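Remarks on the structure that follows.
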Amino acid sequence: MDVSAFLTGLAMGLSLIVAIGAQNAFVLRQGLRNEHVFAVALTCALSDAVLILIGVAGFGSLVARLPWIDPVMRWGGAAFLVAYAARSAWSALRSTGALTGEGTDAKAGLGPVLLACLAFTWLNPHVYLDTVVLLGGLSTQIPGREALFAAGAMTGSFLFFFALAYGATRLRPLFARPAAWRILEGIIALTMLTIAVRLVAGG
């Protein structure tokens, strides 16, 4: 096993995924609520793994040849983020609950949570840039060892999402105060809205 190729993929995967974004904010929120934590982390990690495999398999160049994909994903993703930002803003302004065993509101079902998780992943054009295009392109720099590079990048995704989701549970005592939860919801709303604006602006 070529450890260097694996470690390169691991390092590059982690460096691209740790940036604060809509998907990470959603995972953090679910971890704090202790709501379908394992399913959310696994869904994000598996989605990343699929996208990394697509990129390493050479489909990045195909995506680049289909210019209509970009505006469709950009506007679709922006619309979803704006809607979620509005929901978080409403919670920040009106919620009076603390992060207790019941959370700030009723627990969402697994289906709706996973649909939201998938939307945060697959409707974000930046995800394709990071996983399909960038990681796919980097894998070509180590011919013959692309599989190990991909394995390292996928390992990075699994490590990050599970660490973020379950690490958030340790912050639950802080969010037992209603004010702390409302501040978090406000930050999430601003994050989602900022990313939506950047998507529409093409940034």
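Residue numbers start at 1 in each chain; chains themselves are named A, B, ... in the order of the structure tokens; ligands are numbered from 1 in the order shown.
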
Can you pull out the residues contacting Ala201 of chain A? Cut-off 12 Å, using only C-alpha atoms, and skip same-chain residues under 6 positions away; I want them as a PyMOL selection string. chain A and resi 71+74-75+78+194-195

Segment 127-142 of chain A environment, 7 Å, only C-alpha atoms, sequence neighbours closer than 2 positions dropped, as a PDB file with N, CA, C and O atoms, in the first residue's frame:
ATOM      1  N   LEU A  16     -10.344  20.587   2.209  1.00  0.00           N
ATOM      2  CA  LEU A  16     -11.455  21.128   1.437  1.00  0.00           C
ATOM      3  C   LEU A  16     -12.775  21.091   2.195  1.00  0.00           C
ATOM      4  O   LEU A  16     -13.673  21.887   1.918  1.00  0.00           O
ATOM      5  N   LEU A  51     -19.206  11.244  -4.673  1.00  0.00           N
ATOM      6  CA  LEU A  51     -18.722  12.355  -5.494  1.00  0.00           C
ATOM      7  C   LEU A  51     -17.218  12.247  -5.743  1.00  0.00           C
ATOM      8  O   LEU A  51     -16.739  12.558  -6.838  1.00  0.00           O
ATOM      9  N   ILE A  52     -16.482  11.817  -4.737  1.00  0.00           N
ATOM     10  CA  ILE A  52     -15.033  11.639  -4.905  1.00  0.00           C
ATOM     11  C   ILE A  52     -14.750  10.548  -5.931  1.00  0.00           C
ATOM     12  O   ILE A  52     -13.877  10.694  -6.795  1.00  0.00           O
ATOM     13  N   ILE A  54     -16.680   9.657  -8.369  1.00  0.00           N
ATOM     14  CA  ILE A  54     -17.032  10.213  -9.683  1.00  0.00           C
ATOM     15  C   ILE A  54     -15.889  11.068 -10.219  1.00  0.00           C
ATOM     16  O   ILE A  54     -15.503  10.979 -11.384  1.00  0.00           O
ATOM     17  N   GLY A  55     -15.335  11.912  -9.340  1.00  0.00           N
ATOM     18  CA  GLY A  55     -14.239  12.784  -9.763  1.00  0.00           C
ATOM     19  C   GLY A  55     -13.007  12.017 -10.163  1.00  0.00           C
ATOM     20  O   GLY A  55     -12.403  12.274 -11.210  1.00  0.00           O
ATOM     21  N   VAL A  56     -12.621  11.035  -9.336  1.00  0.00           N
ATOM     22  CA  VAL A  56     -11.423  10.247  -9.623  1.00  0.00           C
ATOM     23  C   VAL A  56     -11.621   9.399 -10.879  1.00  0.00           C
ATOM     24  O   VAL A  56     -10.667   9.129 -11.621  1.00  0.00           O
ATOM     25  N   GLY A  58     -12.903  10.341 -13.485  1.00  0.00           N
ATOM     26  CA  GLY A  58     -12.689  11.173 -14.661  1.00  0.00           C
ATOM     27  C   GLY A  58     -13.902  11.909 -15.172  1.00  0.00           C
ATOM     28  O   GLY A  58     -13.886  12.422 -16.299  1.00  0.00           O
ATOM     29  N   GLY A  60     -15.015  14.689 -13.985  1.00  0.00           N
ATOM     30  CA  GLY A  60     -14.899  16.134 -13.807  1.00  0.00           C
ATOM     31  C   GLY A  60     -14.892  16.868 -15.135  1.00  0.00           C
ATOM     32  O   GLY A  60     -15.504  17.920 -15.296  1.00  0.00           O
ATOM     33  N   THR A 121     -26.155  18.754   0.414  1.00  0.00           N
ATOM     34  CA  THR A 121     -24.994  18.175  -0.265  1.00  0.00           C
ATOM     35  C   THR A 121     -25.085  18.297  -1.779  1.00  0.00           C
ATOM     36  O   THR A 121     -24.192  18.851  -2.435  1.00  0.00           O
ATOM     37  N   ASN A 124     -25.531  21.906  -3.812  1.00  0.00           N
ATOM     38  CA  ASN A 124     -24.480  22.905  -3.631  1.00  0.00           C
ATOM     39  C   ASN A 124     -23.401  22.738  -4.702  1.00  0.00           C
ATOM     40  O   ASN A 124     -22.641  21.768  -4.661  1.00  0.00           O
ATOM     41  N   PRO A 125     -23.321  23.662  -5.651  1.00  0.00           N
ATOM     42  CA  PRO A 125     -22.306  23.550  -6.714  1.00  0.00           C
ATOM     43  C   PRO A 125     -20.882  23.488  -6.182  1.00  0.00           C
ATOM     44  O   PRO A 125     -20.010  22.878  -6.797  1.00  0.00           O
ATOM     45  N   GLY A 144      -1.825   5.732 -11.428  1.00  0.00           N
ATOM     46  CA  GLY A 144      -1.665   4.387 -10.907  1.00  0.00           C
ATOM     47  C   GLY A 144      -2.009   4.259  -9.441  1.00  0.00           C
ATOM     48  O   GLY A 144      -2.134   3.147  -8.915  1.00  0.00           O
ATOM     49  N   ARG A 145      -2.130   5.404  -8.757  1.00  0.00           N
ATOM     50  CA  ARG A 145      -2.438   5.368  -7.322  1.00  0.00           C
ATOM     51  C   ARG A 145      -3.713   6.157  -7.010  1.00  0.00           C
ATOM     52  O   ARG A 145      -3.931   6.581  -5.879  1.00  0.00           O
ATOM     53  N   GLU A 146      -4.541   6.373  -8.039  1.00  0.00           N
ATOM     54  CA  GLU A 146      -5.763   7.157  -7.853  1.00  0.00           C
ATOM     55  C   GLU A 146      -6.697   6.538  -6.807  1.00  0.00           C
ATOM     56  O   GLU A 146      -7.340   7.252  -6.029  1.00  0.00           O
ATOM     57  N   PHE A 149      -5.540   7.438  -3.363  1.00  0.00           N
ATOM     58  CA  PHE A 149      -5.827   8.855  -3.131  1.00  0.00           C
ATOM     59  C   PHE A 149      -7.303   9.035  -2.782  1.00  0.00           C
ATOM     60  O   PHE A 149      -7.656   9.742  -1.830  1.00  0.00           O
TER      61      PHE A 149
END

Just the residues within 10 Å of Ala151 of chain A, please, counting only C-alpha atoms, with nothing from its chain fewer than 6 positions along; format it as a ChimeraX atom specification. /A:5-7,9-10,13,49,52-53,157

Could you write out that same residue set with C-alpha atoms as an mmCIF file, in the first residue's frame?
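Okay, this is what ended up in selection11.cif:
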data_model
loop_
_atom_site.group_PDB
_atom_site.id
_atom_site.type_symbol
_atom_site.label_atom_id
_atom_site.label_comp_id
_atom_site.auth_asym_id
_atom_site.auth_seq_id
_atom_site.Cartn_x
_atom_site.Cartn_y
_atom_site.Cartn_z
ATOM 1 C CA ALA A 5 -0.947 8.573 -1.818
ATOM 2 C CA PHE A 6 -3.476 7.701 0.885
ATOM 3 C CA LEU A 7 -2.213 10.449 3.208
ATOM 4 C CA GLY A 9 -5.851 12.179 -0.337
ATOM 5 C CA LEU A 10 -6.671 12.360 3.375
ATOM 6 C CA GLY A 13 -10.021 15.886 1.535
ATOM 7 C CA ALA A 49 -17.521 9.260 -1.145
ATOM 8 C CA ILE A 52 -15.033 11.639 -4.905
ATOM 9 C CA LEU A 53 -15.321 8.370 -6.828
ATOM 10 C CA SER A 157 -14.864 12.838 4.918
#

Excluding segment 168-170 of chain A and its own-chain neighbours fewer than 2 positions away, which residues fall within 8 Å of it when counting only C-alpha atoms? Please give them as an mmCIF file with N, CA and C atoms, in the first residue's frame.
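Final file, selection.cif:
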data_model
loop_
_atom_site.group_PDB
_atom_site.id
_atom_site.type_symbol
_atom_site.label_atom_id
_atom_site.label_comp_id
_atom_site.auth_asym_id
_atom_site.auth_seq_id
_atom_site.Cartn_x
_atom_site.Cartn_y
_atom_site.Cartn_z
ATOM 1 N N LEU A 28 -23.781 20.270 12.325
ATOM 2 C CA LEU A 28 -23.565 20.791 13.676
ATOM 3 C C LEU A 28 -24.892 20.934 14.416
ATOM 4 N N ARG A 29 -25.882 21.474 13.736
ATOM 5 C CA ARG A 29 -27.195 21.673 14.358
ATOM 6 C C ARG A 29 -27.824 20.340 14.750
ATOM 7 N N GLY A 31 -26.255 17.601 15.418
ATOM 8 C CA GLY A 31 -25.500 17.053 16.529
ATOM 9 C C GLY A 31 -25.900 17.688 17.846
ATOM 10 N N LEU A 32 -26.091 18.988 17.840
ATOM 11 C CA LEU A 32 -26.500 19.686 19.054
ATOM 12 C C LEU A 32 -27.884 19.250 19.508
ATOM 13 N N ARG A 33 -28.753 18.985 18.557
ATOM 14 C CA ARG A 33 -30.105 18.540 18.878
ATOM 15 C C ARG A 33 -30.163 17.051 19.204
ATOM 16 N N ASN A 34 -29.041 16.344 18.944
ATOM 17 C CA ASN A 34 -28.999 14.900 19.127
ATOM 18 C C ASN A 34 -30.120 14.228 18.327
ATOM 19 N N LEU A 164 -17.577 15.948 13.719
ATOM 20 C CA LEU A 164 -18.385 17.159 13.858
ATOM 21 C C LEU A 164 -19.731 16.838 14.497
ATOM 22 N N ALA A 165 -20.389 15.798 13.999
ATOM 23 C CA ALA A 165 -21.728 15.465 14.484
ATOM 24 C C ALA A 165 -21.706 15.045 15.949
ATOM 25 N N TYR A 166 -20.804 14.143 16.297
ATOM 26 C CA TYR A 166 -20.772 13.650 17.672
ATOM 27 C C TYR A 166 -20.014 14.590 18.607
ATOM 28 N N ARG A 172 -23.757 20.460 24.219
ATOM 29 C CA ARG A 172 -25.155 20.547 24.614
ATOM 30 C C ARG A 172 -25.385 21.309 25.910
ATOM 31 N N PRO A 173 -24.528 21.165 26.948
ATOM 32 C CA PRO A 173 -24.763 21.951 28.169
ATOM 33 C C PRO A 173 -24.789 23.456 27.917
#

Name all residues at most 10 Å from Ala39 of chain A (count only C-alpha atoms; drop same-chain ones fewer than 6 positions away) and give them as a ChimeraX atom specification. /A:45,110,113-114,117,162

Generate the output file for the selected residues, C-alpha atoms, as a PDB file, in the first residue's frame.
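The file below, part.pdb, is the result:
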ATOM      1  CA  ALA A  45     -19.872  10.956   4.307  1.00  0.00           C
ATOM      2  CA  LEU A 110     -35.798  10.736   9.793  1.00  0.00           C
ATOM      3  CA  VAL A 113     -33.977  15.259   7.972  1.00  0.00           C
ATOM      4  CA  LEU A 114     -32.258  13.034   5.418  1.00  0.00           C
ATOM      5  CA  CYS A 117     -29.180  16.609   4.384  1.00  0.00           C
ATOM      6  CA  PHE A 162     -18.639  11.920  12.424  1.00  0.00           C
TER       7      PHE A 162
END

Nearest to Phe158 of chain A by atom-to-atom distance, counting only C-alpha atoms, from A:Ala57, A:Ala119, A:Val82, A:Leu14: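 Going through A:Ala57, A:Ala119, A:Val82, A:Leu14 one by one, the smallest distance to Phe158 of chain A is for A:Leu14.
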
So, counting only C-alpha atoms, which residue among A:Ala92, A:Gln23, A:Glu35, A:Ala79 is closest to Glu185 of chain A? A:Ala92

If you count only C-alpha atoms, which residues fall within 10 Å of Ile183 of chain A, apart from same-chain ones fewer than 6 positions away, as a PyMOL selection string? chain A and resi 89+91-93+175+189

Please run DSSP on the backbone and report, as a VMD selection string, all residues within segment 5-200 of chain A that come out as alpha helix (DSSP H). chain A and resid 5 to 17 22 to 33 37 to 54 60 to 64 69 to 94 110 to 122 125 to 128 136 to 139 146 to 167 178 to 200

For Ala25 of chain A, work out the shell of residues within 9 Å, counting only C-alpha atoms and skipping chain neighbours fewer than 5 positions away, then give it as a PyMOL selection string. chain A and resi 20+30+188+191-192

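If you measure from each of A:Ala116, A:Gly76, A:Arg65, A:Val27 to Ala163 of chain A using only C-alpha atoms, the closest one turns out to be A:Val27.
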
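For the pair atom CA of Val197 of chain A and atom CA of Leu81 of chain A, the separation is 9.4 Å.
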
Work out how far apart atom CA of Leu118 of chain A and atom CA of Phe26 of chain A are and give it in Å to one decimal.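 Interatomic distance here is 10.8 Å.
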
For atom CA of Ala108 of chain A and atom CA of Leu159 of chain A, the interatomic separation in Å (one decimal):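 Interatomic distance, atom CA of Ala108 of chain A to atom CA of Leu159 of chain A: 25.2 Å.
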